[in-house]
Every structure is written in structure tokens, then in C-alpha cells.
file structure_26.csv (CSV, C-alpha atoms and all ligand atoms)
chain,number,residue,atom,x,y,z
A,166,MET,CA,-15.0,12.9,-21.9
A,167,SER,CA,-15.4,9.2,-21.4
A,168,ALA,CA,-13.5,7.3,-18.7
A,169,LYS,CA,-11.1,5.8,-21.3
A,170,GLN,CA,-10.1,9.1,-22.9
A,171,PRO,CA,-7.0,10.7,-21.4
A,172,SER,CA,-7.1,14.3,-20.0
A,173,ARG,CA,-5.1,17.0,-21.7
A,174,ARG,CA,-2.4,16.6,-19.0
A,175,GLN,CA,-2.3,12.8,-19.4
A,176,PHE,CA,-2.1,13.2,-23.1
A,177,LEU,CA,0.8,15.7,-22.8
A,178,SER,CA,2.6,13.4,-20.4
A,179,THR,CA,2.1,10.4,-22.6
A,180,ALA,CA,3.2,12.3,-25.7
A,181,ALA,CA,6.3,13.3,-23.8
A,182,LEU,CA,7.0,9.8,-22.6
A,183,THR,CA,6.6,8.5,-26.2
A,184,THR,CA,9.6,10.5,-27.2
A,185,ALA,CA,11.5,10.1,-24.0
A,186,GLY,CA,13.7,7.2,-25.0
A,187,VAL,CA,13.6,3.5,-25.9
A,188,THR,CA,13.5,2.4,-22.2
A,189,LEU,CA,9.9,3.4,-22.2
A,190,ALA,CA,9.0,2.3,-25.7
A,191,GLY,CA,6.3,-0.1,-24.9
A,192,VAL,CA,4.5,2.0,-22.4
A,193,PRO,CA,2.8,4.8,-24.3
A,194,ILE,CA,1.3,2.2,-26.7
A,195,LEU,CA,-0.2,0.4,-23.8
A,196,ASN,CA,-1.3,3.6,-22.0
A,197,GLY,CA,-4.7,3.5,-23.7
A,198,VAL,CA,-5.6,0.2,-22.2
A,199,ALA,CA,-3.9,0.6,-18.9
A,200,GLU,CA,-5.9,1.7,-15.9
A,201,ALA,CA,-5.1,5.3,-15.0
A,202,GLY,CA,-4.1,4.1,-11.5
A,203,VAL,CA,-1.7,1.6,-13.0
A,204,THR,CA,0.1,4.2,-15.1
A,205,SER,CA,0.4,6.6,-12.3
A,206,VAL,CA,2.2,4.0,-10.1
A,207,LEU,CA,4.7,3.2,-12.9
A,208,TYR,CA,5.2,6.7,-14.2
A,209,PRO,CA,3.8,9.2,-11.6
A,210,GLN,CA,2.6,12.0,-13.9
A,211,ALA,CA,2.0,14.3,-11.0
A,212,GLU,CA,5.8,14.1,-10.3
A,213,LEU,CA,7.2,13.8,-13.8
A,214,THR,CA,5.4,16.8,-15.1
A,215,ASP,CA,3.8,20.0,-13.9
A,216,ALA,CA,0.2,21.2,-14.6
A,217,SER,CA,1.1,22.4,-18.1
A,218,GLY,CA,2.7,19.1,-19.1
A,219,LYS,CA,6.3,20.4,-18.8
A,220,TYR,CA,8.8,18.1,-17.2
A,221,ALA,CA,9.3,18.9,-13.5
A,222,LEU,CA,11.7,17.9,-10.8
A,223,PRO,CA,9.9,15.7,-8.2
A,224,LYS,CA,10.4,16.3,-4.5
A,225,LEU,CA,12.6,13.7,-2.8
A,226,PRO,CA,10.3,11.4,-0.8
A,227,TYR,CA,12.7,11.7,2.2
A,228,GLU,CA,15.4,13.9,3.6
A,229,TYR,CA,18.9,14.1,2.1
A,230,LYS,CA,20.4,12.2,5.0
A,231,ALA,CA,17.7,9.5,5.0
A,232,LEU,CA,19.8,7.0,3.0
A,233,GLU,CA,22.9,7.2,5.2
A,234,PRO,CA,25.2,5.4,5.8
A,235,VAL,CA,24.7,3.7,2.4
A,236,ILE,CA,24.5,7.0,0.4
A,237,ASP,CA,25.7,10.2,2.1
A,238,ALA,CA,23.5,13.3,2.4
A,239,LYS,CA,25.7,15.5,0.2
A,240,THR,CA,25.6,13.0,-2.6
A,241,VAL,CA,21.8,12.7,-2.5
A,242,GLU,CA,21.6,16.6,-2.4
A,243,ILE,CA,23.9,17.1,-5.4
A,244,HIS,CA,22.4,14.1,-7.3
A,245,HIS,CA,18.8,15.3,-6.9
A,246,ASP,CA,19.2,19.1,-6.9
A,247,LYS,CA,21.8,19.4,-9.6
A,248,HIS,CA,22.1,16.3,-11.8
A,249,HIS,CA,18.4,15.3,-11.8
A,250,ALA,CA,17.4,18.9,-12.2
A,251,ALA,CA,19.7,19.2,-15.2
A,252,TYR,CA,18.0,16.3,-16.9
A,253,VAL,CA,14.6,18.0,-16.4
A,254,ALA,CA,15.9,21.2,-17.8
A,255,GLY,CA,17.5,19.4,-20.7
A,256,ALA,CA,14.3,17.5,-21.6
A,257,ASN,CA,12.3,20.7,-21.6
A,258,LYS,CA,14.9,22.4,-23.8
A,259,ALA,CA,14.7,19.5,-26.3
A,260,GLU,CA,10.9,19.6,-26.3
A,261,ASP,CA,11.0,23.4,-26.8
A,262,ASN,CA,13.4,23.1,-29.7
A,263,LEU,CA,11.3,20.4,-31.4
A,264,THR,CA,8.2,22.5,-31.0
A,265,ALA,CA,10.1,25.4,-32.6
A,266,ALA,CA,11.2,23.1,-35.4
A,267,ARG,CA,7.7,22.1,-36.1
A,268,SER,CA,6.3,25.6,-36.1
A,269,GLU,CA,9.1,26.9,-38.4
A,270,GLY,CA,9.1,23.8,-40.6
A,271,LYS,CA,12.9,23.6,-40.0
A,272,PHE,CA,14.1,20.1,-39.2
A,273,ASP,CA,17.8,20.4,-39.9
A,274,LEU,CA,18.6,19.8,-36.2
A,275,VAL,CA,15.9,17.1,-35.6
A,276,LYS,CA,18.5,14.4,-35.1
A,277,TYR,CA,20.4,16.4,-32.4
A,278,TRP,CA,17.2,17.3,-30.5
A,279,SER,CA,15.8,13.8,-30.7
A,280,LYS,CA,18.9,12.4,-29.2
A,281,GLU,CA,18.8,15.1,-26.5
A,282,LEU,CA,15.2,14.2,-25.7
A,283,ALA,CA,15.9,10.5,-25.5
A,284,PHE,CA,19.0,11.1,-23.2
A,285,GLN,CA,17.6,13.9,-21.0
A,286,GLY,CA,14.0,12.5,-20.8
A,287,SER,CA,15.1,9.0,-20.0
A,288,GLY,CA,17.5,10.4,-17.3
A,289,HIS,CA,14.6,12.3,-15.7
A,290,ILE,CA,12.3,9.3,-15.7
A,291,LEU,CA,14.9,6.8,-14.4
A,292,HIS,CA,16.0,9.1,-11.6
A,293,THR,CA,12.3,9.6,-10.6
A,294,ILE,CA,12.0,5.9,-10.3
A,295,TYR,CA,15.4,5.5,-8.5
A,296,TRP,CA,14.3,7.9,-5.6
A,297,THR,CA,11.2,5.9,-5.0
A,298,ASN,CA,13.0,2.6,-5.2
A,299,LEU,CA,15.2,3.5,-2.2
A,300,GLY,CA,14.3,4.3,1.4
A,301,PRO,CA,15.6,4.3,4.9
A,302,LYS,CA,13.6,1.2,5.9
A,303,GLY,CA,14.6,-0.8,2.9
A,304,GLY,CA,16.7,-4.0,2.6
A,305,GLY,CA,15.9,-7.6,3.0
A,306,GLU,CA,14.2,-9.5,0.2
A,307,ALA,CA,11.2,-9.3,-2.1
A,308,LYS,CA,8.0,-10.9,-0.7
A,309,GLY,CA,4.8,-12.3,-2.0
A,310,ASP,CA,4.1,-12.6,-5.8
A,311,LEU,CA,7.2,-10.7,-6.7
A,312,ALA,CA,9.3,-13.2,-4.7
A,313,LYS,CA,7.6,-16.1,-6.5
A,314,GLN,CA,8.2,-14.5,-9.9
A,315,ILE,CA,11.9,-13.8,-9.1
A,316,ALA,CA,12.2,-17.5,-8.1
A,317,ARG,CA,10.5,-18.6,-11.3
A,318,ASP,CA,12.6,-16.4,-13.6
A,319,PHE,CA,16.0,-16.4,-11.9
A,320,GLY,CA,16.1,-19.6,-9.8
A,321,ASP,CA,16.0,-17.9,-6.4
A,322,PHE,CA,16.5,-14.5,-4.8
A,323,ALA,CA,20.3,-15.0,-4.3
A,324,LYS,CA,20.8,-15.9,-7.9
A,325,PHE,CA,18.7,-12.8,-9.0
A,326,LYS,CA,20.7,-10.5,-6.7
A,327,GLN,CA,24.0,-11.9,-8.0
A,328,HIS,CA,22.9,-11.4,-11.6
A,329,LEU,CA,21.6,-7.8,-11.0
A,330,THR,CA,24.8,-7.0,-9.0
A,331,ALA,CA,27.1,-8.3,-11.7
A,332,ALA,CA,25.2,-6.5,-14.5
A,333,THR,CA,25.1,-3.3,-12.6
A,334,THR,CA,28.7,-3.3,-11.6
A,335,THR,CA,30.0,-4.0,-15.1
A,336,VAL,CA,28.0,-1.3,-16.9
A,337,GLU,CA,30.5,0.2,-19.3
A,338,ALA,CA,31.2,3.8,-18.3
A,339,SER,CA,27.9,5.4,-17.0
A,340,GLY,CA,24.5,3.8,-16.8
A,341,TRP,CA,22.1,1.7,-14.8
A,342,GLY,CA,21.3,-1.8,-13.6
A,343,VAL,CA,17.6,-2.4,-14.1
A,344,LEU,CA,15.1,-5.1,-13.0
A,345,ALA,CA,12.3,-4.9,-15.5
A,346,TYR,CA,9.1,-6.6,-16.4
A,347,GLN,CA,8.6,-7.7,-20.0
A,348,VAL,CA,4.9,-7.2,-20.6
A,349,PHE,CA,5.0,-9.2,-23.8
A,350,ALA,CA,6.5,-12.3,-22.1
A,351,LYS,CA,5.1,-11.8,-18.6
A,352,LYS,CA,8.7,-12.2,-17.4
A,353,LEU,CA,11.2,-10.4,-15.3
A,354,THR,CA,14.5,-9.5,-16.8
A,355,VAL,CA,17.8,-7.8,-15.9
A,356,LEU,CA,18.9,-4.9,-18.2
A,357,GLN,CA,22.3,-3.3,-18.3
A,358,VAL,CA,21.6,0.2,-19.5
A,359,GLU,CA,24.3,2.5,-20.9
A,360,LYS,CA,23.8,6.2,-20.3
A,361,HIS,CA,20.0,6.2,-19.8
A,362,GLN,CA,18.6,5.1,-23.1
A,363,ASP,CA,20.9,2.4,-24.6
A,364,LEU,CA,20.7,-1.4,-24.4
A,365,THR,CA,17.2,-1.9,-23.3
A,366,THR,CA,14.5,-4.3,-24.5
A,367,TRP,CA,11.4,-2.5,-25.9
A,368,GLY,CA,8.3,-3.3,-23.9
A,369,SER,CA,10.2,-3.8,-20.6
A,370,ILE,CA,8.9,-1.7,-17.7
A,371,PRO,CA,11.6,-0.8,-15.1
A,372,LEU,CA,10.8,-1.9,-11.6
A,373,LEU,CA,14.1,-1.4,-9.8
A,374,VAL,CA,16.8,0.9,-11.2
A,375,ILE,CA,20.3,1.3,-9.8
A,376,ASP,CA,22.2,4.4,-10.8
A,377,VAL,CA,25.9,3.7,-11.4
A,378,TRP,CA,26.9,7.1,-12.8
A,379,GLU,CA,29.8,8.2,-10.6
A,380,HIS,CA,27.8,11.1,-9.2
A,381,ALA,CA,25.6,8.5,-7.5
A,382,TYR,CA,28.4,7.2,-5.3
A,383,TYR,CA,31.8,8.8,-5.8
A,384,LEU,CA,32.0,11.0,-2.6
A,385,THR,CA,31.7,7.9,-0.3
A,386,TYR,CA,32.9,5.0,-2.5
A,387,GLN,CA,35.3,6.7,-5.0
A,388,ASN,CA,36.2,4.2,-7.7
A,389,LYS,CA,34.8,1.2,-5.7
A,390,ARG,CA,31.5,0.9,-7.6
A,391,ALA,CA,31.1,-2.7,-6.6
A,392,ASP,CA,31.0,-1.7,-2.9
A,393,TYR,CA,28.2,0.8,-3.6
A,394,VAL,CA,26.2,-1.7,-5.6
A,395,THR,CA,26.6,-4.3,-2.8
A,396,LYS,CA,25.5,-1.8,-0.1
A,397,ILE,CA,22.6,-0.3,-2.0
A,398,PHE,CA,20.6,-3.5,-1.4
A,399,ASP,CA,20.4,-2.4,2.3
A,400,ILE,CA,18.1,0.5,1.2
A,401,VAL,CA,16.1,-1.1,-1.6
A,402,ASN,CA,12.4,-0.5,-0.8
A,403,TRP,CA,10.9,-3.8,-1.8
A,404,GLU,CA,7.4,-2.7,-1.1
A,405,ASN,CA,7.8,-0.1,-3.8
A,406,ILE,CA,9.2,-2.6,-6.2
A,407,ALA,CA,6.3,-4.9,-5.4
A,408,GLN,CA,3.8,-2.1,-6.1
A,409,ARG,CA,5.5,-1.4,-9.5
A,410,TYR,CA,5.5,-5.2,-10.3
A,411,ASP,CA,1.7,-5.5,-9.5
A,412,ALA,CA,1.0,-2.4,-11.7
A,413,ALA,CA,3.2,-3.8,-14.5
A,414,ARG,CA,1.4,-7.1,-14.5
A,415,LYS,CA,-1.9,-5.2,-14.9
A,416,VAL,CA,-0.5,-3.5,-18.0
A,417,GLY,CA,0.5,-6.8,-19.5
A,501,FE,FE,22.2,9.8,-11.5
call {"tool": "encode", "arguments": {"input": "structure_26.csv", "output": "C-alpha cells"}}
result
Amino acid sequence: MSAKQPSRRQFLSTAALTTAGVTLAGVPILNGVAEAGVTSVLYPQAELTDASGKYALPKLPYEYKALEPVIDAKTVEIHHDKHHAAYVAGANKAEDNLTAARSEGKFDLVKYWSKELAFQGSGHILHTIYWTNLGPKGGGEAKGDLAKQIARDFGDFAKFKQHLTAATTTVEASGWGVLAYQVFAKKLTVLQVEKHQDLTTWGSIPLLVIDVWEHAYYLTYQNKRADYVTKIFDIVNWENIAQRYDAARKVG
């Protein structure tokens, strides 16, 4: 196998990502030219899938209580162990049903399972990024090249934060606020994602994702989503975002 050929596991992961939702649409196409290290920073295959290529629940990179007082331990526990786990199970179920459809040549439910795969798979991937985006030593502002690009694309950090906060707070019903890198334009953008898979721009790589499904904040903040969004910047791990930004630029 040459250095540029993906392993079976990488292939399975990439194939899974290809069908995992529009949020990731540009990435599998670019996978062939991306360095393996770059891809593993953006979409950590070792955490997203197990050895057989099935989706798997990644371990939290910290204890349940590590994000307190911004996000309470019980919320993190339920969010990770129940909600995120359900997306993993749902994505595998969708894959299994699509595999069965192919082997039986019966595609009458292909629309249903395709939607399920986009929803559950995108939920799994965005949650995996969300956990690594946050940390007990977070807060402050972006530094280095990421800070320069934020200034270039948004004016300054305060304007960027205001934009991301507004977009995140006003997500209709459930979804995410996302800072993403558009590889086709070499530009940062803010996305307001509904559910997990709607209202994205293809070819945008998520760098920072903020979950505003009620399960992410309701125990502490109840209906005050804006308070949660304001406070979450105290635990944003800007070093992680900068790593993702550096990797995304190498893809583009
Ligand atoms: Fe969530």
C-alpha cells in the first residue's frame, strides 16, 4: 500500500463521513489529498469509529464536573452518555439498514434511512468536536494566526464573538452555532445550523461548535439560552480551535 492510499479503516471512516450529512460535504472529497495527520485532527477517526469502522462513542477528554460552573456535571453526563450515545447508535442503525437494503436490492426505505444517517451521523460528529472544543482551562481569546484571520474576516474578536453569539442564540428550535473554515475561499464563516445537518455551506470545516439543543444547558439555565451562550466562552479551548484551524488550512 502506498503512503497515499487509505487503510481499510480510513476508507470505512471516510465512506461513513461521506454519507454523514451536508455539514461535512467537502471533506471526504478532500481526504485523498489531505495529510493523514490533518484529517485525524479535524475528524479523529480513532474516536469517531472503532476498529471495524463502526461509529463509536468517544471518551470525554475530562471528568463530568470539569466544565463547572458553566456546565454542570449532571448535564455533561446525560449529554455524553445518553444523547451523544443515542446518535452513535442511530448512525450505526442507519448504516446497517442501508447495508441490508443494498444486499437485498430493496431501496423502498432509502429516503428514510438516508435522512436518519445525515441526522444521527452529523449529531455524532458535531458532539465529538464539541467535547474537544471545551475545557476547564478555556476562555480568553484566540491567539496567533487564528486571531489574525478572525480580525481579517470579522473586523475584530469582539465583533466575531458578537456575531457567533447572536447566530447561536437565535437558532430556531434545536441546533448549533458554528465557526467554520471555508476551504474554497480560505475564509472563516459563522454558520447557524438547525438540528445537526441543515443550513450549512458545503466545503466548510467546523472549527468551533456550540450546542444549543436544550439538553446542553436546561438543568442550569432553563429557558435562558442566551445566558448559556454568553458563559460558554469562559470554557472555549482556543488552543484546540487553533489546532483545527491550522489543520483546515492545510486541507485548503
Ligand atoms: Fe447535544
call {"tool": "residues_near_point", "arguments": {"input": "structure_26.csv", "point": "(33.9, 0.4, -17.5)", "cutoff": "12 Å", "atoms": "all atoms listed in the file", "output": "mmCIF file with C-alpha atoms, in the frame of the given file"}}
result
data_model
loop_
_atom_site.group_PDB
_atom_site.id
_atom_site.type_symbol
_atom_site.label_atom_id
_atom_site.label_comp_id
_atom_site.auth_asym_id
_atom_site.auth_seq_id
_atom_site.Cartn_x
_atom_site.Cartn_y
_atom_site.Cartn_z
ATOM 1 C CA ALA A 332 25.200 -6.500 -14.500
ATOM 2 C CA THR A 333 25.100 -3.300 -12.600
ATOM 3 C CA THR A 334 28.700 -3.300 -11.600
ATOM 4 C CA THR A 335 30.000 -4.000 -15.100
ATOM 5 C CA VAL A 336 28.000 -1.300 -16.900
ATOM 6 C CA GLU A 337 30.500 0.200 -19.300
ATOM 7 C CA ALA A 338 31.200 3.800 -18.300
ATOM 8 C CA SER A 339 27.900 5.400 -17.000
ATOM 9 C CA GLY A 340 24.500 3.800 -16.800
ATOM 10 C CA GLU A 359 24.300 2.500 -20.900
ATOM 11 C CA LYS A 360 23.800 6.200 -20.300
ATOM 12 C CA VAL A 377 25.900 3.700 -11.400
ATOM 13 C CA TRP A 378 26.900 7.100 -12.800
ATOM 14 C CA GLU A 379 29.800 8.200 -10.600
ATOM 15 C CA ASN A 388 36.200 4.200 -7.700
ATOM 16 C CA LYS A 389 34.800 1.200 -5.700
ATOM 17 C CA ARG A 390 31.500 0.900 -7.600
ATOM 18 C CA ALA A 391 31.100 -2.700 -6.600
#
call {"tool": "residues_near_ligand", "arguments": {"input": "structure_26.csv", "ligand": "ligand FE 501 (chain A)", "cutoff": "10 Å", "atoms": "only C-alpha atoms and all ligand atoms", "output": "list in words"}}
result
Val241, Ile243, His244, His245, Lys247, His248, His249, Tyr252, Gly288, His289, Leu291, His292, Thr293, Tyr295, Ser339, Gly340, Trp341, Lys360, His361, Ile375, Asp376, Val377, Trp378, Glu379, His380, Ala381 and Tyr382 of chain A
call {"tool": "residues_around", "arguments": {"input": "structure_26.csv", "residues": "Leu353 of chain A", "least_positions_apart": "2", "cutoff": "7 Å", "atoms": "only C-alpha atoms", "output": "list in words"}}
result
Asp318, Leu344, Ala345, Tyr346 and Gln347 of chain A
call {"tool": "write_last_selection", "arguments": {"input": "structure_26.csv", "atoms": "C-alpha atoms", "output": "compact mmCIF listing (two decimals), keeping the file's coordinate frame"}}
result
# COMPACT_ATOMS: atom_id res chain seq x y z
CA ASP A 318 12.60 -16.40 -13.60
CA LEU A 344 15.10 -5.10 -13.00
CA ALA A 345 12.30 -4.90 -15.50
CA TYR A 346 9.10 -6.60 -16.40
CA GLN A 347 8.60 -7.70 -20.00
call {"tool": "closest_residue", "arguments": {"input": "structure_26.csv", "among": "A:Thr214, A:Gln408, A:Ser268, A:Thr204", "to": "Gly309 of chain A", "atoms": "all atoms listed in the file"}}
result
A:Gln408
call {"tool": "residues_near_point", "arguments": {"input": "structure_26.csv", "point": "(17.9, 12.1, -23.8)", "cutoff": "10 Å", "atoms": "all atoms listed in the file", "output": "list in words"}}
result
Thr184, Ala185, Gly186, Val187, Tyr252, Gly255, Ala256, Ala259, Tyr277, Trp278, Ser279, Lys280, Glu281, Leu282, Ala283, Phe284, Gln285, Gly286, Ser287, Gly288, His289, Lys360, His361 and Gln362 of chain A
call {"tool": "closest_residue", "arguments": {"input": "structure_26.csv", "among": "A:Ala254, A:Ile400, A:Ile370, A:Val355", "to": "Ile315 of chain A", "atoms": "only C-alpha atoms"}}
result
A:Val355
call {"tool": "closest_residue", "arguments": {"input": "structure_26.csv", "among": "A:Ala312, A:Leu384, A:Ala307, A:Leu263", "to": "Glu404 of chain A", "atoms": "all atoms listed in the file"}}
result
A:Ala307
call {"tool": "atom_distance", "arguments": {"input": "structure_26.csv", "atom1": "atom CA of Lys351 of chain A", "atom2": "atom CA of Gly304 of chain A"}}
result
25.4 Å
call {"tool": "atom_distance", "arguments": {"input": "structure_26.csv", "atom1": "atom CA of Ala238 of chain A", "atom2": "atom CA of Val253 of chain A"}}
result
21.3 Å
call {"tool": "atom_distance", "arguments": {"input": "structure_26.csv", "atom1": "atom CA of Leu311 of chain A", "atom2": "atom CA of Ala231 of chain A"}}
result
25.6 Å
call {"tool": "closest_residue", "arguments": {"input": "structure_26.csv", "among": "A:Val394, A:Lys224, A:Glu212, A:Lys276", "to": "Leu329 of chain A", "atoms": "only C-alpha atoms"}}
result
A:Val394
call {"tool": "closest_residue", "arguments": {"input": "structure_26.csv", "among": "A:Ala413, A:Val374, A:Val401, A:Ile406", "to": "Lys352 of chain A", "atoms": "only C-alpha atoms"}}
result
A:Ala413
call {"tool": "build_atoms", "arguments": {"input": "structure_26.csv", "residues": "segment 315-326 of chain A", "atoms": "all heavy atoms", "output": "PDB file, in the frame of the given file"}}
result
ATOM      1  N   ILE A 315      10.381 -13.869  -9.086  1.00  0.00           N
ATOM      2  CA  ILE A 315      11.900 -13.800  -9.100  1.00  0.00           C
ATOM      3  C   ILE A 315      12.391 -15.275  -9.056  1.00  0.00           C
ATOM      4  O   ILE A 315      13.312 -15.633  -9.785  1.00  0.00           O
ATOM      5  CB  ILE A 315      12.383 -13.011  -7.886  1.00  0.00           C
ATOM      6  CG1 ILE A 315      12.192 -11.513  -8.179  1.00  0.00           C
ATOM      7  CG2 ILE A 315      13.854 -13.317  -7.610  1.00  0.00           C
ATOM      8  CD1 ILE A 315      12.543 -10.588  -7.019  1.00  0.00           C
ATOM      9  N   ALA A 316      11.787 -16.117  -8.207  1.00  0.00           N
ATOM     10  CA  ALA A 316      12.200 -17.500  -8.100  1.00  0.00           C
ATOM     11  C   ALA A 316      11.987 -18.240  -9.442  1.00  0.00           C
ATOM     12  O   ALA A 316      12.824 -19.028  -9.904  1.00  0.00           O
ATOM     13  CB  ALA A 316      11.494 -18.214  -6.983  1.00  0.00           C
ATOM     14  N   ARG A 317      10.850 -17.937 -10.069  1.00  0.00           N
ATOM     15  CA  ARG A 317      10.500 -18.600 -11.300  1.00  0.00           C
ATOM     16  C   ARG A 317      11.470 -18.208 -12.453  1.00  0.00           C
ATOM     17  O   ARG A 317      11.926 -19.040 -13.232  1.00  0.00           O
ATOM     18  CB  ARG A 317       9.066 -18.254 -11.719  1.00  0.00           C
ATOM     19  CG  ARG A 317       8.524 -19.040 -12.891  1.00  0.00           C
ATOM     20  CD  ARG A 317       6.998 -19.079 -12.878  1.00  0.00           C
ATOM     21  NE  ARG A 317       6.406 -17.771 -13.059  1.00  0.00           N
ATOM     22  CZ  ARG A 317       5.529 -17.211 -12.230  1.00  0.00           C
ATOM     23  NH1 ARG A 317       5.120 -17.855 -11.159  1.00  0.00           N
ATOM     24  NH2 ARG A 317       5.027 -16.013 -12.453  1.00  0.00           N
ATOM     25  N   ASP A 318      11.802 -16.916 -12.502  1.00  0.00           N
ATOM     26  CA  ASP A 318      12.600 -16.400 -13.600  1.00  0.00           C
ATOM     27  C   ASP A 318      14.098 -16.428 -13.419  1.00  0.00           C
ATOM     28  O   ASP A 318      14.863 -16.380 -14.385  1.00  0.00           O
ATOM     29  CB  ASP A 318      12.139 -14.979 -13.981  1.00  0.00           C
ATOM     30  CG  ASP A 318      10.702 -14.943 -14.493  1.00  0.00           C
ATOM     31  OD1 ASP A 318      10.203 -16.000 -14.923  1.00  0.00           O
ATOM     32  OD2 ASP A 318      10.074 -13.874 -14.437  1.00  0.00           O
ATOM     33  N   PHE A 319      14.524 -16.451 -12.154  1.00  0.00           N
ATOM     34  CA  PHE A 319      16.000 -16.400 -11.900  1.00  0.00           C
ATOM     35  C   PHE A 319      16.491 -17.593 -11.093  1.00  0.00           C
ATOM     36  O   PHE A 319      17.694 -17.702 -10.891  1.00  0.00           O
ATOM     37  CB  PHE A 319      16.325 -15.113 -11.132  1.00  0.00           C
ATOM     38  CG  PHE A 319      16.050 -13.847 -11.906  1.00  0.00           C
ATOM     39  CD1 PHE A 319      14.905 -13.106 -11.663  1.00  0.00           C
ATOM     40  CD2 PHE A 319      16.929 -13.408 -12.889  1.00  0.00           C
ATOM     41  CE1 PHE A 319      14.643 -11.934 -12.377  1.00  0.00           C
ATOM     42  CE2 PHE A 319      16.676 -12.233 -13.598  1.00  0.00           C
ATOM     43  CZ  PHE A 319      15.534 -11.511 -13.351  1.00  0.00           C
ATOM     44  N   GLY A 320      15.635 -18.462 -10.610  1.00  0.00           N
ATOM     45  CA  GLY A 320      16.100 -19.600  -9.800  1.00  0.00           C
ATOM     46  C   GLY A 320      15.749 -19.337  -8.330  1.00  0.00           C
ATOM     47  O   GLY A 320      14.922 -20.020  -7.753  1.00  0.00           O
ATOM     48  N   ASP A 321      16.374 -18.331  -7.735  1.00  0.00           N
ATOM     49  CA  ASP A 321      16.000 -17.900  -6.400  1.00  0.00           C
ATOM     50  C   ASP A 321      16.511 -16.460  -6.183  1.00  0.00           C
ATOM     51  O   ASP A 321      17.166 -15.891  -7.063  1.00  0.00           O
ATOM     52  CB  ASP A 321      16.569 -18.831  -5.306  1.00  0.00           C
ATOM     53  CG  ASP A 321      18.081 -18.978  -5.376  1.00  0.00           C
ATOM     54  OD1 ASP A 321      18.760 -17.977  -5.690  1.00  0.00           O
ATOM     55  OD2 ASP A 321      18.586 -20.081  -5.131  1.00  0.00           O
ATOM     56  N   PHE A 322      16.202 -15.871  -5.023  1.00  0.00           N
ATOM     57  CA  PHE A 322      16.500 -14.500  -4.800  1.00  0.00           C
ATOM     58  C   PHE A 322      18.046 -14.236  -4.843  1.00  0.00           C
ATOM     59  O   PHE A 322      18.522 -13.229  -5.380  1.00  0.00           O
ATOM     60  CB  PHE A 322      15.956 -13.978  -3.467  1.00  0.00           C
ATOM     61  CG  PHE A 322      16.084 -12.490  -3.284  1.00  0.00           C
ATOM     62  CD1 PHE A 322      15.130 -11.625  -3.811  1.00  0.00           C
ATOM     63  CD2 PHE A 322      17.164 -11.938  -2.604  1.00  0.00           C
ATOM     64  CE1 PHE A 322      15.253 -10.242  -3.672  1.00  0.00           C
ATOM     65  CE2 PHE A 322      17.292 -10.555  -2.457  1.00  0.00           C
ATOM     66  CZ  PHE A 322      16.331  -9.718  -2.985  1.00  0.00           C
ATOM     67  N   ALA A 323      18.803 -15.175  -4.290  1.00  0.00           N
ATOM     68  CA  ALA A 323      20.300 -15.000  -4.300  1.00  0.00           C
ATOM     69  C   ALA A 323      20.846 -14.969  -5.670  1.00  0.00           C
ATOM     70  O   ALA A 323      21.724 -14.148  -5.972  1.00  0.00           O
ATOM     71  CB  ALA A 323      20.894 -16.150  -3.458  1.00  0.00           C
ATOM     72  N   LYS A 324      20.337 -15.837  -6.541  1.00  0.00           N
ATOM     73  CA  LYS A 324      20.800 -15.900  -7.900  1.00  0.00           C
ATOM     74  C   LYS A 324      20.440 -14.561  -8.657  1.00  0.00           C
ATOM     75  O   LYS A 324      21.216 -13.996  -9.427  1.00  0.00           O
ATOM     76  CB  LYS A 324      20.283 -17.067  -8.687  1.00  0.00           C
ATOM     77  CG  LYS A 324      20.894 -18.386  -8.259  1.00  0.00           C
ATOM     78  CD  LYS A 324      20.585 -19.477  -9.301  1.00  0.00           C
ATOM     79  CE  LYS A 324      21.081 -20.826  -8.817  1.00  0.00           C
ATOM     80  NZ  LYS A 324      20.167 -21.457  -7.826  1.00  0.00           N
ATOM     81  N   PHE A 325      19.195 -14.102  -8.399  1.00  0.00           N
ATOM     82  CA  PHE A 325      18.700 -12.800  -9.000  1.00  0.00           C
ATOM     83  C   PHE A 325      19.645 -11.691  -8.554  1.00  0.00           C
ATOM     84  O   PHE A 325      20.113 -10.879  -9.367  1.00  0.00           O
ATOM     85  CB  PHE A 325      17.287 -12.552  -8.604  1.00  0.00           C
ATOM     86  CG  PHE A 325      16.967 -11.098  -8.506  1.00  0.00           C
ATOM     87  CD1 PHE A 325      16.882 -10.309  -9.652  1.00  0.00           C
ATOM     88  CD2 PHE A 325      16.778 -10.489  -7.263  1.00  0.00           C
ATOM     89  CE1 PHE A 325      16.618  -8.946  -9.565  1.00  0.00           C
ATOM     90  CE2 PHE A 325      16.524  -9.128  -7.175  1.00  0.00           C
ATOM     91  CZ  PHE A 325      16.438  -8.359  -8.325  1.00  0.00           C
ATOM     92  N   LYS A 326      19.921 -11.637  -7.244  1.00  0.00           N
ATOM     93  CA  LYS A 326      20.700 -10.500  -6.700  1.00  0.00           C
ATOM     94  C   LYS A 326      22.138 -10.570  -7.278  1.00  0.00           C
ATOM     95  O   LYS A 326      22.712  -9.531  -7.627  1.00  0.00           O
ATOM     96  CB  LYS A 326      20.761 -10.656  -5.176  1.00  0.00           C
ATOM     97  CG  LYS A 326      21.361  -9.450  -4.493  1.00  0.00           C
ATOM     98  CD  LYS A 326      21.174  -9.576  -2.989  1.00  0.00           C
ATOM     99  CE  LYS A 326      22.051  -8.569  -2.265  1.00  0.00           C
ATOM    100  NZ  LYS A 326      21.980  -8.718  -0.824  1.00  0.00           N
TER     101      LYS A 326
END
